[in-house]
Every structure is written in structure tokens, then in C-alpha cells.
file model25.csv (CSV, C-alpha atoms and all ligand atoms)
chain,number,residue,atom,x,y,z
A,1422,MET,CA,40.8,160.4,136.0
A,1423,ILE,CA,40.8,162.9,138.8
A,1424,TYR,CA,44.2,164.0,140.0
A,1425,PHE,CA,45.6,165.4,143.2
A,1426,SER,CA,49.2,166.6,143.4
A,1427,GLY,CA,51.8,167.4,146.0
A,1428,THR,CA,53.5,165.3,148.6
A,1429,VAL,CA,52.1,161.8,148.6
A,1430,ILE,CA,52.3,159.6,151.7
A,1431,THR,CA,53.1,156.1,150.4
A,1432,GLN,CA,54.0,152.8,152.2
A,1433,ASP,CA,57.6,153.9,152.0
A,1434,GLY,CA,57.1,157.5,153.2
A,1435,ALA,CA,56.6,160.8,151.4
A,1436,VAL,CA,57.2,161.3,147.7
A,1437,GLU,CA,56.7,164.4,145.4
A,1438,GLY,CA,54.1,163.4,142.8
A,1439,TYR,CA,50.5,162.8,142.3
A,1440,VAL,CA,47.5,160.5,142.8
A,1441,GLY,CA,44.9,159.6,140.2
A,1442,LEU,CA,41.4,158.3,141.2
A,1443,GLU,CA,39.1,156.5,138.8
A,1444,ASP,CA,36.0,154.5,139.2
A,1445,GLY,CA,36.1,154.4,143.0
A,1446,MET,CA,39.8,153.2,143.1
A,1447,VAL,CA,43.2,154.7,143.5
A,1448,ALA,CA,44.4,154.1,139.9
A,1449,GLU,CA,47.8,155.8,140.0
A,1450,VAL,CA,50.4,156.9,142.5
A,1451,SER,CA,53.4,158.3,140.9
A,1452,GLU,CA,56.4,160.5,141.5
A,1453,GLY,CA,56.9,163.5,139.2
A,1454,ILE,CA,54.7,166.1,137.4
A,1455,CYS,CA,51.0,165.7,137.5
A,1456,PRO,CA,49.7,164.9,133.9
A,1457,ALA,CA,46.6,167.1,134.2
A,1458,GLU,CA,45.3,170.0,136.3
A,1459,PRO,CA,44.8,168.6,139.8
A,1460,LEU,CA,41.6,169.0,141.8
A,1461,ALA,CA,43.7,170.0,144.8
A,1462,ARG,CA,47.3,170.3,145.9
A,1463,GLY,CA,48.7,169.5,149.3
A,1464,ILE,CA,49.8,166.5,151.3
A,1465,ILE,CA,47.9,163.5,150.1
A,1466,VAL,CA,47.3,160.8,152.7
A,1467,PRO,CA,44.9,157.8,153.1
A,1468,PRO,CA,42.3,158.3,155.8
A,1469,MET,CA,44.0,158.6,159.2
A,1470,VAL,CA,43.6,156.3,162.2
A,1471,ASN,CA,43.0,158.3,165.3
A,1472,GLY,CA,44.9,156.0,167.8
A,1473,HIS,CA,43.0,156.8,170.9
A,1474,THR,CA,39.6,158.3,171.7
A,1475,HIS,CA,36.9,158.2,174.3
A,1476,CYS,CA,34.1,159.5,172.2
A,1477,ALA,CA,31.3,159.0,174.7
A,1478,ASP,CA,32.2,162.0,176.7
A,1479,SER,CA,32.0,164.5,173.9
A,1480,ASP,CA,29.1,166.5,175.4
A,1481,LEU,CA,30.6,166.8,178.9
A,1482,THR,CA,31.8,170.3,179.8
A,1483,VAL,CA,35.1,170.0,181.7
A,1484,PRO,CA,35.3,172.2,184.8
A,1485,ASN,CA,38.2,174.6,184.9
A,1486,GLY,CA,41.4,173.6,186.8
A,1487,ILE,CA,40.3,170.0,187.4
A,1488,SER,CA,42.9,167.3,188.0
A,1489,LEU,CA,43.3,164.1,186.0
A,1490,CYS,CA,42.0,162.0,188.9
A,1491,GLU,CA,39.0,164.2,189.6
A,1492,LEU,CA,38.0,164.2,186.0
A,1493,VAL,CA,38.6,160.6,184.8
A,1494,GLY,CA,39.4,158.7,188.0
A,1495,PRO,CA,37.1,156.3,189.9
A,1496,ASP,CA,33.9,158.2,190.9
A,1497,GLY,CA,35.2,161.2,188.9
A,1498,VAL,CA,33.2,163.8,187.0
A,1499,LYS,CA,33.3,161.7,183.8
A,1500,GLU,CA,32.2,158.5,185.4
A,1501,LYS,CA,29.2,160.2,186.9
A,1502,TYR,CA,28.3,161.9,183.6
A,1503,LEU,CA,28.3,158.5,181.7
A,1504,LYS,CA,26.2,156.9,184.5
A,1505,GLU,CA,23.6,159.7,184.5
A,1506,SER,CA,23.3,160.3,180.8
A,1507,ILE,CA,20.6,158.4,178.8
A,1508,PRO,CA,21.9,156.3,175.9
A,1509,GLU,CA,20.2,158.5,173.3
A,1510,LYS,CA,22.2,161.5,174.5
A,1511,ILE,CA,25.5,159.5,174.4
A,1512,THR,CA,24.6,158.2,171.0
A,1513,GLU,CA,24.0,161.6,169.5
A,1514,GLY,CA,27.4,162.8,170.9
A,1515,MET,CA,29.1,159.8,169.3
A,1516,LYS,CA,27.5,160.4,165.9
A,1517,ARG,CA,28.6,164.1,165.9
A,1518,PHE,CA,32.1,163.1,167.0
A,1519,SER,CA,32.3,160.6,164.1
A,1520,LYS,CA,31.1,163.1,161.6
A,1521,LEU,CA,33.7,165.7,162.7
A,1522,ALA,CA,36.4,163.0,162.6
A,1523,HIS,CA,35.4,162.1,159.0
A,1524,ILE,CA,35.5,165.7,157.8
A,1525,ASN,CA,38.9,166.0,159.4
A,1526,GLY,CA,40.3,163.1,157.3
A,1527,ILE,CA,40.0,160.4,160.0
A,1528,GLY,CA,39.0,157.0,158.6
A,1529,THR,CA,38.5,155.3,161.9
A,1530,PHE,CA,39.2,155.9,165.5
A,1531,ILE,CA,40.3,153.4,168.2
A,1532,ASP,CA,37.9,154.1,171.1
A,1533,PHE,CA,38.4,153.0,174.7
A,1534,ARG,CA,34.8,152.3,175.5
A,1535,GLU,CA,33.6,152.1,179.1
A,1536,GLY,CA,30.5,150.5,180.4
A,1537,GLY,CA,30.9,146.8,179.7
A,1538,ALA,CA,29.0,145.1,176.8
A,1539,GLU,CA,26.2,147.8,176.8
A,1540,GLY,CA,28.8,150.5,176.3
A,1541,SER,CA,30.4,148.8,173.4
A,1542,MET,CA,26.9,148.0,171.9
A,1543,ILE,CA,25.9,151.7,172.0
A,1544,LEU,CA,29.0,152.7,170.1
A,1545,ARG,CA,28.8,149.9,167.6
A,1546,ARG,CA,25.2,151.0,166.7
A,1547,ALA,CA,26.1,154.7,166.7
A,1548,VAL,CA,29.3,154.4,164.6
A,1549,PRO,CA,29.5,151.0,162.9
A,1550,GLY,CA,33.0,151.7,161.5
A,1551,ALA,CA,34.6,152.6,164.9
A,1552,PHE,CA,37.4,150.3,166.1
A,1553,ILE,CA,36.1,149.6,169.6
A,1554,LEU,CA,38.1,148.3,172.6
A,1555,GLY,CA,35.6,147.5,175.4
A,1556,ARG,CA,36.2,147.7,179.1
A,1557,PRO,CA,34.7,145.1,181.5
A,1558,SER,CA,32.7,146.5,184.4
A,1559,SER,CA,32.5,143.4,186.6
A,1560,GLU,CA,34.6,143.5,189.7
A,1561,GLU,CA,35.6,139.8,189.4
A,1562,PHE,CA,37.1,138.4,186.2
A,1563,ASP,CA,34.1,137.2,184.2
A,1564,PRO,CA,34.8,135.5,180.8
A,1565,ASN,CA,31.1,135.6,179.9
A,1566,GLU,CA,31.2,139.4,180.2
A,1567,LEU,CA,34.2,139.5,177.9
A,1568,ASP,CA,32.4,137.3,175.4
A,1569,ASP,CA,29.5,139.7,175.5
A,1570,ILE,CA,31.7,142.7,175.0
A,1571,LEU,CA,33.4,141.0,172.1
A,1572,ARG,CA,30.1,140.6,170.3
A,1573,TYR,CA,30.3,144.3,169.7
A,1574,ALA,CA,34.0,145.3,170.2
A,1575,ASP,CA,37.2,144.5,168.4
A,1576,GLY,CA,39.1,144.0,171.5
A,1577,ILE,CA,39.5,144.7,175.2
A,1578,GLN,CA,41.2,147.4,177.2
A,1579,LEU,CA,41.7,148.4,180.8
A,1580,SER,CA,42.2,151.8,182.3
A,1581,GLY,CA,45.6,151.0,183.9
A,1582,ILE,CA,47.4,148.3,185.9
A,1583,ASN,CA,47.1,150.2,189.2
A,1584,ASP,CA,43.3,150.6,188.9
A,1585,VAL,CA,42.6,146.9,189.3
A,1586,PRO,CA,44.2,143.9,191.1
A,1587,ALA,CA,47.0,142.3,189.2
A,1588,PRO,CA,45.3,138.9,188.9
A,1589,TYR,CA,42.3,140.6,187.3
A,1590,SER,CA,44.3,142.5,184.6
A,1591,GLU,CA,46.3,139.4,183.9
A,1592,ALA,CA,43.2,137.2,183.5
A,1593,VAL,CA,41.4,139.8,181.3
A,1594,ALA,CA,44.4,140.4,179.0
A,1595,ASP,CA,45.1,136.7,178.7
A,1596,TYR,CA,41.5,136.0,177.8
A,1597,ALA,CA,41.5,138.7,175.1
A,1598,VAL,CA,44.9,137.6,173.6
A,1599,ARG,CA,43.8,133.9,173.6
A,1600,SER,CA,40.6,134.9,171.9
A,1601,GLY,CA,42.8,136.4,169.1
A,1602,LYS,CA,41.6,139.9,170.0
A,1603,MET,CA,43.5,143.1,170.7
A,1604,PHE,CA,44.3,144.1,174.3
A,1605,ALA,CA,45.5,147.6,175.1
A,1606,ILE,CA,45.9,149.7,178.3
A,1607,HIS,CA,46.8,153.2,179.5
A,1608,ALA,CA,50.3,153.2,180.8
A,1609,SER,CA,52.4,155.7,182.8
A,1610,GLU,CA,50.1,158.7,182.2
A,1611,GLY,CA,50.3,160.8,185.3
A,1612,SER,CA,53.0,158.7,187.1
A,1613,ARG,CA,55.4,156.0,186.1
A,1614,GLU,CA,54.2,152.5,186.3
A,1615,ASP,CA,56.1,149.2,186.2
A,1616,ILE,CA,56.8,148.5,182.6
A,1617,ASP,CA,57.5,144.7,183.1
A,1618,SER,CA,54.1,144.1,184.6
A,1619,ILE,CA,52.5,146.1,181.8
A,1620,LEU,CA,54.3,144.3,178.9
A,1621,ALA,CA,53.6,140.9,180.6
A,1622,LEU,CA,50.0,141.5,179.6
A,1623,SER,CA,51.0,141.3,175.9
A,1624,PRO,CA,49.4,144.6,174.9
A,1625,SER,CA,49.0,145.4,171.2
A,1626,PHE,CA,49.8,149.0,172.1
A,1627,LEU,CA,50.1,151.3,175.2
A,1628,VAL,CA,48.5,154.7,175.6
A,1629,HIS,CA,50.4,157.8,176.9
A,1630,MET,CA,53.7,156.8,178.5
A,1631,ALA,CA,53.9,160.5,179.3
A,1632,SER,CA,55.7,159.8,182.6
A,1633,ALA,CA,57.8,157.0,181.3
A,1634,GLU,CA,61.6,156.9,181.5
A,1635,ARG,CA,64.1,156.0,178.8
A,1636,SER,CA,64.5,152.4,180.0
A,1637,ASP,CA,60.7,151.9,179.7
A,1638,LEU,CA,60.7,153.3,176.2
A,1639,LEU,CA,63.6,151.0,175.2
A,1640,ARG,CA,61.6,148.0,176.6
A,1641,CYS,CA,58.6,149.0,174.4
A,1642,ALA,CA,60.9,149.3,171.3
A,1643,ASP,CA,62.5,145.9,172.1
A,1644,GLU,CA,59.1,144.3,172.3
A,1645,ASP,CA,57.8,146.2,169.3
A,1646,VAL,CA,54.8,147.6,171.3
A,1647,PRO,CA,53.6,150.9,169.8
A,1648,ILE,CA,52.9,153.9,171.9
A,1649,VAL,CA,49.8,156.0,171.3
A,1650,SER,CA,50.6,159.5,172.4
A,1651,CYS,CA,47.9,162.2,173.0
A,1652,PRO,CA,50.0,165.5,173.4
A,1653,ARG,CA,47.0,167.8,173.7
A,1654,SER,CA,45.4,165.8,176.5
A,1655,ASN,CA,48.8,165.5,178.3
A,1656,LYS,CA,49.3,169.2,178.1
A,1657,PHE,CA,45.8,169.9,179.5
A,1658,PHE,CA,46.8,167.9,182.6
A,1659,GLY,CA,50.3,169.6,182.8
A,1660,LEU,CA,52.1,166.5,181.5
A,1661,THR,CA,55.0,166.5,179.0
A,1662,PRO,CA,55.3,163.3,177.0
A,1663,PRO,CA,59.0,162.5,176.2
A,1664,LEU,CA,58.4,162.5,172.5
A,1665,ALA,CA,62.0,163.3,171.4
A,1666,MET,CA,63.1,160.4,173.6
A,1667,MET,CA,60.5,158.1,172.0
A,1668,ASN,CA,62.0,158.9,168.6
A,1669,GLU,CA,65.5,158.3,169.9
A,1670,CYS,CA,64.5,155.0,171.3
A,1671,ASN,CA,62.9,154.0,168.0
A,1672,ASN,CA,59.4,153.7,169.4
A,1673,THR,CA,56.5,153.4,167.0
A,1674,VAL,CA,54.4,156.4,167.9
A,1675,ILE,CA,50.8,156.9,166.9
A,1676,LEU,CA,48.9,160.1,167.6
A,1677,GLY,CA,45.5,160.0,169.3
A,1678,THR,CA,43.1,162.7,170.4
A,1679,ASP,CA,42.0,161.1,173.7
A,1680,ASN,CA,38.9,162.3,175.5
A,1681,ALA,CA,36.3,164.0,173.3
A,1682,MET,CA,35.4,166.4,176.1
A,1683,LEU,CA,39.0,167.8,176.0
A,1684,CYS,CA,40.0,167.6,172.4
A,1685,ASN,CA,38.2,167.5,169.0
A,1686,PRO,CA,39.0,164.7,166.6
A,1687,ASP,CA,41.6,166.6,164.6
A,1688,MET,CA,44.9,165.0,163.9
A,1689,ARG,CA,46.4,168.2,162.5
A,1690,GLU,CA,45.7,169.9,165.8
A,1691,GLU,CA,47.2,167.0,167.6
A,1692,ALA,CA,50.3,167.1,165.4
A,1693,ARG,CA,50.7,170.8,166.2
A,1694,GLN,CA,51.0,170.1,169.9
A,1695,TYR,CA,53.2,167.1,169.1
A,1696,PHE,CA,55.5,169.4,167.1
A,1697,SER,CA,55.5,172.1,169.9
A,1698,PHE,CA,56.6,169.5,172.5
A,1699,LEU,CA,59.3,168.2,170.1
A,1700,MET,CA,60.6,171.7,169.5
A,1701,ASP,CA,60.9,172.2,173.3
A,1702,GLN,CA,62.7,168.9,173.5
A,1703,LYS,CA,65.1,169.7,170.6
A,1704,GLY,CA,63.5,166.9,168.5
A,1705,GLY,CA,62.7,166.9,164.8
A,1706,LEU,CA,59.6,166.2,162.7
A,1707,GLU,CA,61.2,163.3,160.7
A,1708,ASN,CA,58.6,160.7,162.1
A,1709,ILE,CA,55.5,162.9,161.6
A,1710,TRP,CA,54.0,160.8,158.8
A,1711,GLY,CA,54.5,157.7,160.8
A,1712,ALA,CA,52.8,159.2,163.9
A,1713,MET,CA,50.0,160.9,162.0
A,1714,VAL,CA,49.2,158.4,159.2
A,1715,LEU,CA,51.2,155.2,158.7
A,1716,ASN,CA,51.6,153.7,162.1
A,1717,GLY,CA,48.0,153.7,163.0
A,1718,ARG,CA,47.1,152.1,159.8
A,1719,LYS,CA,49.8,149.5,160.3
A,1720,LEU,CA,48.2,148.6,163.6
A,1721,LEU,CA,44.8,147.9,162.0
A,1722,TYR,CA,45.4,146.9,158.4
A,1723,ASP,CA,47.5,144.6,156.3
A,1724,TRP,CA,50.4,145.9,154.3
A,1725,LYS,CA,48.3,146.6,151.2
A,1726,ARG,CA,46.4,149.3,153.1
A,1727,ILE,CA,49.1,151.3,154.8
A,1728,GLY,CA,50.3,154.1,152.6
A,1729,LEU,CA,48.6,155.3,149.4
A,1730,ARG,CA,48.9,152.8,146.5
A,1731,PRO,CA,47.0,151.7,143.4
A,1732,GLY,CA,44.1,149.4,144.2
A,1733,MET,CA,43.0,151.1,147.4
A,1734,ASP,CA,39.5,152.6,147.7
A,1735,ALA,CA,39.3,156.1,146.3
A,1736,ASP,CA,39.1,157.7,149.8
A,1737,ILE,CA,41.8,160.3,150.4
A,1738,THR,CA,42.6,163.3,152.6
A,1739,VAL,CA,44.5,166.3,151.4
A,1740,LEU,CA,46.2,168.3,154.1
A,1741,PRO,CA,46.9,171.8,152.9
A,1742,SER,CA,50.5,172.9,152.9
A,1743,GLU,CA,51.7,176.0,151.0
A,1744,ASP,CA,55.2,174.5,150.4
A,1745,GLY,CA,54.4,170.8,150.6
A,1746,THR,CA,56.3,170.3,153.8
A,1747,ALA,CA,55.1,169.0,157.2
A,1748,GLY,CA,55.9,172.5,158.6
A,1749,GLY,CA,53.7,174.1,156.0
A,1750,MET,CA,50.9,171.6,156.9
A,1751,LEU,CA,51.2,172.5,160.6
A,1752,ARG,CA,51.1,176.3,159.8
A,1753,SER,CA,48.1,176.1,157.4
A,1754,SER,CA,44.7,177.2,158.6
A,1755,GLU,CA,43.0,176.1,155.4
A,1756,ARG,CA,40.4,173.3,155.7
A,1757,VAL,CA,41.4,169.7,155.3
A,1758,LEU,CA,39.8,168.1,152.2
A,1759,ARG,CA,38.3,164.6,152.5
A,1760,TYR,CA,37.5,163.3,149.0
A,1761,ARG,CA,35.7,160.0,148.3
A,1762,GLN,CA,34.8,158.7,144.9
A,1763,THR,CA,32.4,155.8,144.6
A,1764,LYS,CA,32.4,153.2,141.9
A,1765,LYS,CA,30.2,153.9,138.9
A,1766,GLY,CA,26.8,152.3,139.5
A,1767,ASP,CA,27.1,152.4,143.3
B,1,ZN,ZN,42.4,157.3,177.4

call {"tool": "encode", "arguments": {"input": "model25.csv", "output": "C-alpha cells"}}
result
Amino acid sequence: MIYFSGTVITQDGAVEGYVGLEDGMVAEVSEGICPAEPLARGIIVPPMVNGHTHCADSDLTVPNGISLCELVGPDGVKEKYLKESIPEKITEGMKRFSKLAHINGIGTFIDFREGGAEGSMILRRAVPGAFILGRPSSEEFDPNELDDILRYADGIQLSGINDVPAPYSEAVADYAVRSGKMFAIHASEGSREDIDSILALSPSFLVHMASAERSDLLRCADEDVPIVSCPRSNKFFGLTPPLAMMNECNNTVILGTDNAMLCNPDMREEARQYFSFLMDQKGGLENIWGAMVLNGRKLLYDWKRIGLRPGMDADITVLPSEDGTAGGMLRSSERVLRYRQTKKGD
């Protein structure tokens, strides 16, 4: 048995103890003193779900001082880049992004993929384990296009309710939900949007809510719709997500790293910015393991695969922390350890 000791993130939160791996499985998760010398100490978590990415733009150099609209809006720098780049170049960027995410302890990432069915196909081939939400590119609602996207993608997304006519977003969301697939959308990023129209689309989650007000957050909590927050990306555009208020409103928050051209896939870095905003807003870190680890896994997996427990695949991440606390994890500059053990004979 190979042991890791420290703070273990289980289904029910953090416990002081150890994890034992044997024959490709998590064999033991216990509180208390580790029975043998551990291979590493720190905060032991299952692979994290990066709640929001756009991995196709990883090779784009972002011009200084550019606005949100100029960069990612219609006919913006990013859209031109994706149109003009050959698929091979995009594919290479996606593969590099995925490798870096893996090293940083990320098990999968939920990517908002542009470019219709072809866009989703390119990502599925480059990174088979990505969780892909594809975006239709037709101007009129076209169920055939959505079927084509769903051959490669796990669900459908739209950039925002104000980017397309309401009947279009309603038809797209309705089709995805009726197909039993996930639907998600950016919401209230740079400016506040109408929460009732957004929630009427039955989204599985919303991304950003950086410009949302308390009543919007309460509506999300009431309807049990998680919020994926990307604090580093928000900061880049001069936005301050109301993270302390999200905690007060009992929102389910998931961290995401957003555009690869802006932020590397590193959940610890994202958590540092999350903490920095929380400090400014007089909020605390009590929900950090939910936002970093558990809530993203809840979105994608059944209850047996949320926190670390015996029977899971032996695939863990150890986040260094000199004192075993979340604060120690955020302060640490030591490398994250990703450890995978395969079954004998594999
Ligand atoms: Zn996004």
C-alpha cells in the first residue's frame, strides 16, 4: 500500500488523516495517524474539475489594454484568430493545455467550444476526456446542427442571452434539455442581465455572475443553479465578482479558469485570486474545497465519485500546504503532485 497523509477532502469535507492506494484503487481513506511513511504530505484531493475553459485560444497573444468586447465580442480579436487558424494549430494548443491541466491536478475541464460541430469535433479528437459544451454557429435555430454538435459534445452552450434573439436561445436551450443534455450560458459578466430570462432556459450552471446583484444570486440559490466563477479572468477585465455575497446567498460556486489566452489551467492560481477578492469583501475561505474540488465533481459525477473514498480509481492530487490549511495551500509555491497508480497487469 502507498500512503499519502494530511488533510483529505472527502465527500463530507476535509478530515485530518491519510489515503492508501493499492492495485489501482483508493483502498483506504481514514482519519488519524498514517500507519506508514507517506509518499507525500499535503491536501489530498481527487482530480479537480475546471468548471470553465475556452481551450482553443491558448496560443493567442492578448493585446495590452483590450476591452472584454474587443477581445471576445462579435468580430473581436479572438473570433478572428479562431477563424484564421488552421485546425492543426488549434489542436496542438488544446493538447498542450490539457497536459498542463493534468499536471496541475485537473481531471477534466468543462470547455465552452465555439465553431459548431466542427469545433466540438476538433476538441473531442485532441482531448478525448474533455467535457465539451458546443456552441451552434447557424443564425437560425437548426436542430440538425445541434444533433451534429452532440455527436461530439456533452451538451450545448451559448455566449449570453443578449448575444442572440430570445426565441433562438429558448429553442436551443429547450432542445438541449429535451435531449437530456447539459445546457449552460455566460451570465451577467460585464453587465447585469435579466435573471428570470436566463433561468427560464433551465441551465445546468451559469458562468460569471460578476455583475449580478443579491436578488439574482438568491434566485440562483433557490433554483439550485451553480455559478462557475473565474476570478482571474474577471480581474483582467476590471470586474469584481461578488464572491462573499455568493457565499452569503448559499450559492454553489465552482472555480473555472476561463480563456486559455488569459489564464493557465491552474486551480490553485484561481483559488488565490478567489481568496484575494474574498479578503477585500470581508469573506472567509470556508467554502474553498467546494469551489475548488467538490462542486465541480458534483456537477459531472454521481455521489460515489465526489470526494475521496475507497473504491475510486487511484488518481489523486496532493496540494502542498506547510500547515495543512487552505491558507497554507494558497501560500505554497511548491509544485502540485498528481499521482496515478494503474492496476497490476494494465
Ligand atoms: Zn467563457

call {"tool": "atom_distance", "arguments": {"input": "model25.csv", "atom1": "atom CA of Val1429 of chain A", "atom2": "atom CA of Leu1627 of chain A"}}
result
28.7 Å

call {"tool": "residues_near_ligand", "arguments": {"input": "model25.csv", "ligand": "ligand ZN 1 (chain B)", "cutoff": "8 Å", "atoms": "all atoms listed in the file", "output": "JSON list (two decimals) with C-alpha atoms, keeping the file's coordinate frame"}}
result
[["chain", "number", "residue", "atom", "x", "y", "z"],
["A", 1473, "HIS", "CA", 43.00, 156.80, 170.90],
["A", 1474, "THR", "CA", 39.60, 158.30, 171.70],
["A", 1475, "HIS", "CA", 36.90, 158.20, 174.30],
["A", 1533, "PHE", "CA", 38.40, 153.00, 174.70],
["A", 1580, "SER", "CA", 42.20, 151.80, 182.30],
["A", 1607, "HIS", "CA", 46.80, 153.20, 179.50],
["A", 1628, "VAL", "CA", 48.50, 154.70, 175.60],
["A", 1679, "ASP", "CA", 42.00, 161.10, 173.70],
["A", 1680, "ASN", "CA", 38.90, 162.30, 175.50]]

call {"tool": "atom_distance", "arguments": {"input": "model25.csv", "atom1": "atom CA of Asn1672 of chain A", "atom2": "atom CA of Pro1647 of chain A"}}
result
6.5 Å

call {"tool": "residues_around", "arguments": {"input": "model25.csv", "residues": "segment 1703-1714 of chain A", "least_positions_apart": "5", "cutoff": "8 Å", "atoms": "only C-alpha atoms", "output": "PyMOL selection string"}}
result
chain A and resi 1430+1434-1435+1466-1470+1664-1665+1668+1673-1676+1688+1692+1696+1728+1747

call {"tool": "atom_distance", "arguments": {"input": "model25.csv", "atom1": "atom CA of Glu1610 of chain A", "atom2": "atom CA of Ser1623 of chain A"}}
result
18.5 Å

call {"tool": "residues_around", "arguments": {"input": "model25.csv", "residues": "Thr1431 of chain A", "least_positions_apart": "4", "cutoff": "12 Å", "atoms": "all atoms listed in the file", "output": "list in words"}}
result
Ala1435, Val1436, Glu1437, Gly1438, Tyr1439, Val1440, Glu1449, Val1450, Ser1451, Glu1452, Ile1464, Ile1465, Val1466, Pro1467, Trp1710, Gly1711, Val1714, Leu1715, Arg1718, Trp1724, Lys1725, Arg1726, Ile1727, Gly1728, Leu1729, Arg1730, Pro1731 and Met1733 of chain A

call {"tool": "closest_residue", "arguments": {"input": "model25.csv", "among": "A:Ser1426, A:Lys1602, A:Glu1443, A:Val1498", "to": "Arg1462 of chain A", "atoms": "all atoms listed in the file"}}
result
A:Ser1426

call {"tool": "closest_residue", "arguments": {"input": "model25.csv", "among": "A:Met1542, A:Met1446, A:Leu1740, A:Ala1735", "to": "Arg1761 of chain A", "atoms": "only C-alpha atoms"}}
result
A:Ala1735

call {"tool": "closest_residue", "arguments": {"input": "model25.csv", "among": "A:Val1593, A:Val1447, A:Leu1721, A:Ile1606", "to": "Ala1551 of chain A", "atoms": "all atoms listed in the file"}}
result
A:Leu1721

call {"tool": "closest_residue", "arguments": {"input": "model25.csv", "among": "A:Gly1732, A:Gly1526, A:Ala1574, A:Gly1537", "to": "Pro1549 of chain A", "atoms": "all atoms listed in the file"}}
result
A:Ala1574
